[in-house]
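> Below you'll find the structure I mean.
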Amino acid sequence: MNSVWSLDVLYKGYDDPKFKEDFEKLDEAIARTNRFADEIASMPPRDAVLEYIKHGEEDQRLIMRLFSFASLRSSANTKDTESSSVIGRLMGKLSTTAKAETKIKKHIASIENLDEIIESEPILKEYEYLLHNLRENQKHMLSDECEEIMALYDISGGNAWGDLHGYLTSSVTADYRGEKLTLSSVRNLAYDPDPAVRKDAYEAELACYEKIKDSVAFSLNSIKLQVINGTRLRGFNSPLEQVLFRSHMTKETLDALLGSMQEHMDIFRRYMRIKAEALGHKNGLPWYDMFAPMGSSNKKYTVEEAKDYLLKIFRGFDTDLANMVERAFDEAWIDFYPREGKVGGAFCAGLDGLNQSRILTNFDGSFSDIVTLAHELGHAFHNLNLEAHRPLNNDYSMPVAETASTFNENVIMNAAIEAAESDEEKLALIESQLQDVTQIMCDIYSRYLFETSVFERRENEFLPADKLCELMLDAQKKAYGDGLDPEVLHPFMWLCKGHYYSSGLSFYNFPYAFGGLFARGLYAKYVENGNDFVPVYRKLLYTTPIATVEDAALVAGIDLKGKEFWTNSLLSYKKNVDEFERLVKLVK
């Protein structure tokens, strides 16, 4: 079994004749797009729409192949300057179509009988949601020239600042007990069974950030100011309003989600207080013990054991999911281990048209790493359920992006808890589950509060690293309450989370809470209905790119705009905390 992924299904390298051929095809596609923009006004409306879809399908797969190859290589090794160069060249080429793309989309959106044309053509009927959204999006488009300028400036603006963050956090080293560790490696020590190791690693991690905090602060300030200016130019009242618009989600749904979380946050604070007391802390849980294992969770897993574990459980849920997981391990879809130059964290990237995904993790052998694999394989399963769509119908929005991944976590964790053979094993599993859900409740809420405060201030002031740390601590205190020790928090969480460093993707925080509670509610339906629910679940995943968030949920009979669904999902964790408290006392 390979420990690194293979990208050969895309290209064998930059000297691969297929890569060179596709790179040349991109120039042809760009020239064709620019010609189409000049000709579209004189074309019959029906022909114009059909041509737009035809070219869009051809170009989508070509662009994604080229970008996927370069970006995946760069993620695996941020010191790969050739990949950075290729990404820059690709972005530069595509920026030359910004003016033409704007002109084309404006023309399509302005066609008076667009609905009639859509109804007359089967292929356009499949793209009904996309074409209607194109019309809505035009309300926030700038002039052709301005769109071109903004695309060009983003290359050396927001994208460049984001690249700087990725480079600095992947290349900085922490001084831990006389040795140099990557940031990913030292952060993984938070799960170590030795409390001295956890504390020393936490202190080494914080000291590590001091080396790069000022440079990264400039990155964050520059990206957020660019976003603020861009949203204003496009007629949005705030970056959040733009995010909700692009997410195809209403503010009513977000308010119901956040309101329910605020009302029931003490469920998770209580868990942290119980854990703190069990570990001998009197003032709440110190940050460095947040991921301290409890029970018999000190077992380390090999990659082969992780594969067997996942397959055993997923085969009981859905055969297609289990088969996909087996392919992922056997066909080198996964880059497993941390190393210098590799980005931290974990992600999954779909390879459109190839019925495959690629997954990056920083596997260290803990049970938490198995859950992370399950999470990322959930994204891959979501991608698998979109393969029947036409090429342009595969882009689901942020809130539903975490549905399948978090659903997978529920499947794994609940099956593991039910099969536990001892109180110590059961304690370890329940504690791991509560760790994860506390992250997507308290930590995600703190990130939402932090990003909100940054946007509120950045328009009128530069936020130096120390101020960003202050805002992060304030957000953590509001979110975690008395669950954590207020004197031992993590002021640099703004620095280590890559989700803040994108000019095109703000507020990638609440979708995790959405996904966590949405998946929890879906899992409850699975428990209630058994295997009869699996086709409904897969239909929901299939629907996500062609419906609003609210309409996709209705496939499973769920109303997202009211608090009832969210509250029921939250309250379901009370019994887990009760059982955690019982087991802590018993195992003691």
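Each chain of the structure tokens is named A, B, ... in the order shown, its residues numbered from 1; ligands are numbered from 1 in display order.
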Per residue of region 157-218 of chain A within 8 Å of region 276-291 of chain A, what are the shortest atom pair and its distance in Å to one decimal, counting only C-alpha atoms, with rows by chain and residue number, as a tab-separated table?


residue	atom	partner	partner_atom	distance
A:Ala190	CA	A:Phe291	CA	5.8
A:Tyr191	CA	A:Phe291	CA	5.3
A:Pro195	CA	A:Asp289	CA	7.4
A:Arg198	CA	A:Tyr288	CA	5.9
A:Lys199	CA	A:Tyr288	CA	5.5
A:Tyr202	CA	A:Tyr288	CA	5.7

> Which residues, written as a ChimeraX atom specification, have at least one atom at most 9 Å from region 318-330 of chain A, with only C-alpha atoms counted and residues fewer than 4 positions away on the same chain left out?

/A:1-2,303-304,307,310-314,334,356-359,374,377-378,380-381,384,531,534

> Among the residues of region 396-512 of chain A, find those DSSP assigns to helix (DSSP H, G or I) from the backbone and print them as an MDAnalysis selection string.

chainID A and resid 398:401 403:418 423:458 465:483 493:496 498:500 510:512

> Name the residues in contact with region 55-72 of chain A at a cut-off of 7 Å, using only C-alpha atoms, excluding same-chain residues fewer than 4 positions from it; report them as a PyMOL selection string.

chain A and resi 7+10+22+29+51+76+83+86-87+352+391-392

> May I have the selected residues written with N, CA and C atoms, as a CSV table (one decimal), in the first residue's frame?


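Once written, part-v2.csv looks like this:
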chain,number,residue,atom,x,y,z
A,7,LEU,N,-0.8,10.7,-8.7
A,7,LEU,CA,-1.5,11.6,-9.5
A,7,LEU,C,-1.4,11.2,-11.0
A,10,LEU,N,-4.0,11.8,-13.6
A,10,LEU,CA,-4.1,13.1,-14.2
A,10,LEU,C,-3.0,13.3,-15.2
A,22,ASP,N,-2.7,19.4,-23.0
A,22,ASP,CA,-3.8,20.0,-22.3
A,22,ASP,C,-3.5,21.5,-22.1
A,29,ALA,N,-9.0,27.0,-25.8
A,29,ALA,CA,-10.3,27.3,-25.1
A,29,ALA,C,-10.4,28.7,-24.7
A,51,GLU,N,-24.5,26.8,-26.8
A,51,GLU,CA,-23.1,27.0,-27.0
A,51,GLU,C,-22.4,27.2,-25.7
A,76,ALA,N,1.2,18.8,-1.3
A,76,ALA,CA,2.1,17.7,-0.8
A,76,ALA,C,3.5,18.2,-0.6
A,83,SER,N,5.4,23.7,-9.3
A,83,SER,CA,4.0,23.7,-9.2
A,83,SER,C,3.4,25.1,-8.9
A,86,VAL,N,3.4,26.9,-12.2
A,86,VAL,CA,2.3,26.4,-13.0
A,86,VAL,C,1.0,27.0,-12.6
A,87,ILE,N,0.7,27.0,-11.3
A,87,ILE,CA,-0.5,27.6,-10.8
A,87,ILE,C,-0.6,29.0,-11.1
A,352,ASP,N,-12.9,15.5,-11.0
A,352,ASP,CA,-14.1,15.4,-11.8
A,352,ASP,C,-13.9,14.6,-13.1
A,391,PRO,N,-21.2,17.7,-16.2
A,391,PRO,CA,-20.0,18.3,-15.7
A,391,PRO,C,-20.1,19.6,-14.9
A,392,LEU,N,-21.1,20.4,-15.3
A,392,LEU,CA,-21.2,21.7,-14.6
A,392,LEU,C,-22.1,21.6,-13.4

> Distance CA of Gln226 (chain A)-CA of Asp154 (chain A), one decimal place?

8.7 Å

> Find the residues near Lys211 (chain A): any atom within 10 Å, counting only C-alpha atoms, skip ones fewer than 2 places away on the same chain, and give them as a ChimeraX atom specification.

/A:168,172-174,206-209,213-216

> I need the residue nearest Val437 (chain A) from this list: A:Leu254, A:Leu517, A:Val400, A:Leu571. Use only C-alpha atoms for the distance.

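Between A:Leu254, A:Leu517, A:Val400, A:Leu571, the residue approaching Val437 (chain A) most closely is A:Leu517.
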
> Just how far from CA of Ala401 (chain A) is CA of Leu386 (chain A), in Å to one decimal?

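About the pair CA of Leu386 (chain A) and CA of Ala401 (chain A): they are 12.4 Å apart.
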
> Give me the residues within 6 Å of region 469-480 of chain A as a list in words, counting only C-alpha atoms and dropping any in the same chain fewer than 3 places off.

Cys442, Ser446, Leu449, Phe450, Asp466, Gly483, Pro491 and Phe492 of chain A

> Here is a test: counting only C-alpha atoms, which residue of A:Lys300, A:Arg269, A:Arg35, A:Lys224 is nearest to Asp482 (chain A)?

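Of the candidates, the smallest distance to Asp482 (chain A) is held by A:Arg269.
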
> Write out as a VMD selection string the residues lying within 9 Å of region 177-180 of chain A, counting only C-alpha atoms and excluding same-chain residues fewer than 6 positions away.

chain A and resid 200 to 201 204
